[in-house]
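Down below is the structure, laid out as structure tokens.
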Amino acid sequence: MQTQWHKMFMAAAVFALIASGCGQKPAEPLSPAPEPAKTADPGSSNGSGSGGQAPVAPQPAKQSQSVKVYYADANLEKLLEKEATIEFGEEKDKYLAAFNVLKKTPDDATVSLAKHLTFKSAQLKDGQLTLDLVMPDEARLGSGGEVMLLTALQKTAFQFDEVKTLEILLEGKQVESLMGHMELQHPFKR
């Protein structure tokens, strides 16, 4: 079994060398190569350690979860709660996925308050969720819009029981206000 695998690997390597010499991208012929390594790993765990191939890291299975998301009504007068399903790899990725769903409007009766925001990261440590975002000029709203956005961000974060506080950063820094109307708490508490 191991001899067949080595022959297959060598054939793939020779093919990759020939293909790269012909001006093709080496990534294309090499992409199928990790597949045989996955099937050979369980059977070859006898400590032989041959070859210089790096182990293939398993990709986490996609998880999905239903969350509450918050939008403004068409007149930007009140906050509306909707349900959405988020997908994420690892458990720690669910927070960023939940914030990113705020950017998409589910229907014509709702307006995304976060449409132009970029959520860089959302990391939980010791009960505090730190949300780092980028806000271009087109993301700025009036005072009512800023209040609704901050409320939407807090409600999104605090729907997760493990989140006790929310720290909102603008490009990695604490700021007094996101848009100049409302003062930010550092951090917001549940």
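Labels used: A, B, ... for chains in the order of the structure tokens, numbers from 1 for residues in each chain, and numbers from 1 for ligands as shown.
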
Please identify every residue of segment 114-145 of chain A that has at least one atom no farther than 7 Å from an atom of segment 165-187 of chain A, counting only C-alpha atoms, and for each give the shortest atom pair and the distance in Å to one decimal, arranged by chain then increasing number, as CSV.
```
residue,atom,partner,partner_atom,distance
A:Gly127,CA,A:Thr165,CA,6.4
A:Gln128,CA,A:Thr165,CA,4.7
A:Leu129,CA,A:Leu166,CA,4.9
A:Thr130,CA,A:Glu167,CA,4.6
A:Leu131,CA,A:Ile168,CA,4.9
A:Asp132,CA,A:Leu169,CA,4.6
A:Leu133,CA,A:Leu170,CA,5.2
A:Val134,CA,A:Glu171,CA,5.5
A:Arg140,CA,A:Met179,CA,6.0
A:Ser143,CA,A:His181,CA,5.3
```

For Ala122 of chain A, which residue out of A:Thr151, A:Thr156, A:Asn75, A:Ser66 is the nearest one, using only C-alpha atoms?
A:Thr156

Env of Leu149 of chain A: 12 Å cut, atoms = only C-alpha atoms, seq-sep filter 2 positions within chain, self excluded. Answer as a ChimeraX atom specification.
/A:69-72,76-80,99,102-103,111-117,139-147,151-156,168,178-179,181-182,184

Pull C-alpha atoms from the residues just selected and write them as a PDB file, in the first residue's frame.
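Final file, result.pdb:
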```
ATOM      1  CA  VAL A  69     -30.385  39.899  13.720  1.00  0.00           C
ATOM      2  CA  TYR A  70     -31.425  43.528  13.835  1.00  0.00           C
ATOM      3  CA  TYR A  71     -32.315  45.964  11.080  1.00  0.00           C
ATOM      4  CA  ALA A  72     -34.043  49.327  10.786  1.00  0.00           C
ATOM      5  CA  LEU A  76     -35.256  54.362   9.864  1.00  0.00           C
ATOM      6  CA  GLU A  77     -37.604  54.890  12.819  1.00  0.00           C
ATOM      7  CA  LYS A  78     -37.400  51.615  14.734  1.00  0.00           C
ATOM      8  CA  LEU A  79     -35.307  48.501  15.130  1.00  0.00           C
ATOM      9  CA  LEU A  80     -36.701  45.241  13.751  1.00  0.00           C
ATOM     10  CA  PHE A  99     -22.205  40.477  12.966  1.00  0.00           C
ATOM     11  CA  LEU A 102     -26.249  42.403   9.863  1.00  0.00           C
ATOM     12  CA  LYS A 103     -24.847  43.670   6.548  1.00  0.00           C
ATOM     13  CA  VAL A 111     -32.621  48.525   6.020  1.00  0.00           C
ATOM     14  CA  SER A 112     -29.171  47.312   7.031  1.00  0.00           C
ATOM     15  CA  LEU A 113     -27.544  49.701   9.483  1.00  0.00           C
ATOM     16  CA  ALA A 114     -24.210  47.918   9.011  1.00  0.00           C
ATOM     17  CA  LYS A 115     -24.227  47.670   5.217  1.00  0.00           C
ATOM     18  CA  HIS A 116     -21.018  49.667   4.719  1.00  0.00           C
ATOM     19  CA  LEU A 117     -19.183  48.506   7.843  1.00  0.00           C
ATOM     20  CA  ALA A 139     -21.342  54.088   6.751  1.00  0.00           C
ATOM     21  CA  ARG A 140     -22.019  57.211   8.827  1.00  0.00           C
ATOM     22  CA  LEU A 141     -25.614  57.705   9.944  1.00  0.00           C
ATOM     23  CA  GLY A 142     -27.492  60.441  11.751  1.00  0.00           C
ATOM     24  CA  SER A 143     -27.876  60.330  15.533  1.00  0.00           C
ATOM     25  CA  GLY A 144     -30.981  58.096  15.350  1.00  0.00           C
ATOM     26  CA  GLY A 145     -29.208  55.701  13.013  1.00  0.00           C
ATOM     27  CA  GLU A 146     -26.158  55.565  15.264  1.00  0.00           C
ATOM     28  CA  VAL A 147     -28.342  54.753  18.298  1.00  0.00           C
ATOM     29  CA  THR A 151     -28.343  48.809  19.906  1.00  0.00           C
ATOM     30  CA  ALA A 152     -28.206  46.264  17.069  1.00  0.00           C
ATOM     31  CA  LEU A 153     -24.541  45.493  17.814  1.00  0.00           C
ATOM     32  CA  GLN A 154     -25.233  45.048  21.526  1.00  0.00           C
ATOM     33  CA  LYS A 155     -28.306  42.858  20.985  1.00  0.00           C
ATOM     34  CA  THR A 156     -26.371  40.739  18.492  1.00  0.00           C
ATOM     35  CA  ILE A 168     -16.293  48.098  20.261  1.00  0.00           C
ATOM     36  CA  LEU A 178     -18.401  55.840  16.236  1.00  0.00           C
ATOM     37  CA  MET A 179     -20.138  58.623  14.316  1.00  0.00           C
ATOM     38  CA  HIS A 181     -23.390  61.456  18.113  1.00  0.00           C
ATOM     39  CA  MET A 182     -23.320  58.797  20.823  1.00  0.00           C
ATOM     40  CA  LEU A 184     -19.282  54.639  23.470  1.00  0.00           C
TER      41      LEU A 184
END
```

Find the residues near Ala74 of chain A: any atom within 8 Å, counting only C-alpha atoms, skip ones fewer than 4 places away on the same chain, and give them as a PDB file with N, CA and C atoms, in the first residue's frame.
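part.pdb was written with the following content:
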```pdb
ATOM      1  N   ASP A 108     -37.411  43.915   1.469  1.00  0.00           N
ATOM      2  CA  ASP A 108     -37.509  45.340   1.139  1.00  0.00           C
ATOM      3  C   ASP A 108     -38.022  46.186   2.294  1.00  0.00           C
ATOM      4  N   ALA A 109     -38.578  45.561   3.321  1.00  0.00           N
ATOM      5  CA  ALA A 109     -39.126  46.314   4.454  1.00  0.00           C
ATOM      6  C   ALA A 109     -38.064  46.650   5.497  1.00  0.00           C
ATOM      7  N   THR A 110     -36.835  46.182   5.289  1.00  0.00           N
ATOM      8  CA  THR A 110     -35.774  46.421   6.269  1.00  0.00           C
ATOM      9  C   THR A 110     -34.579  47.125   5.624  1.00  0.00           C
ATOM     10  N   VAL A 111     -33.824  47.819   6.458  1.00  0.00           N
ATOM     11  CA  VAL A 111     -32.621  48.525   6.020  1.00  0.00           C
ATOM     12  C   VAL A 111     -31.465  48.058   6.900  1.00  0.00           C
TER      13      VAL A 111
END
```
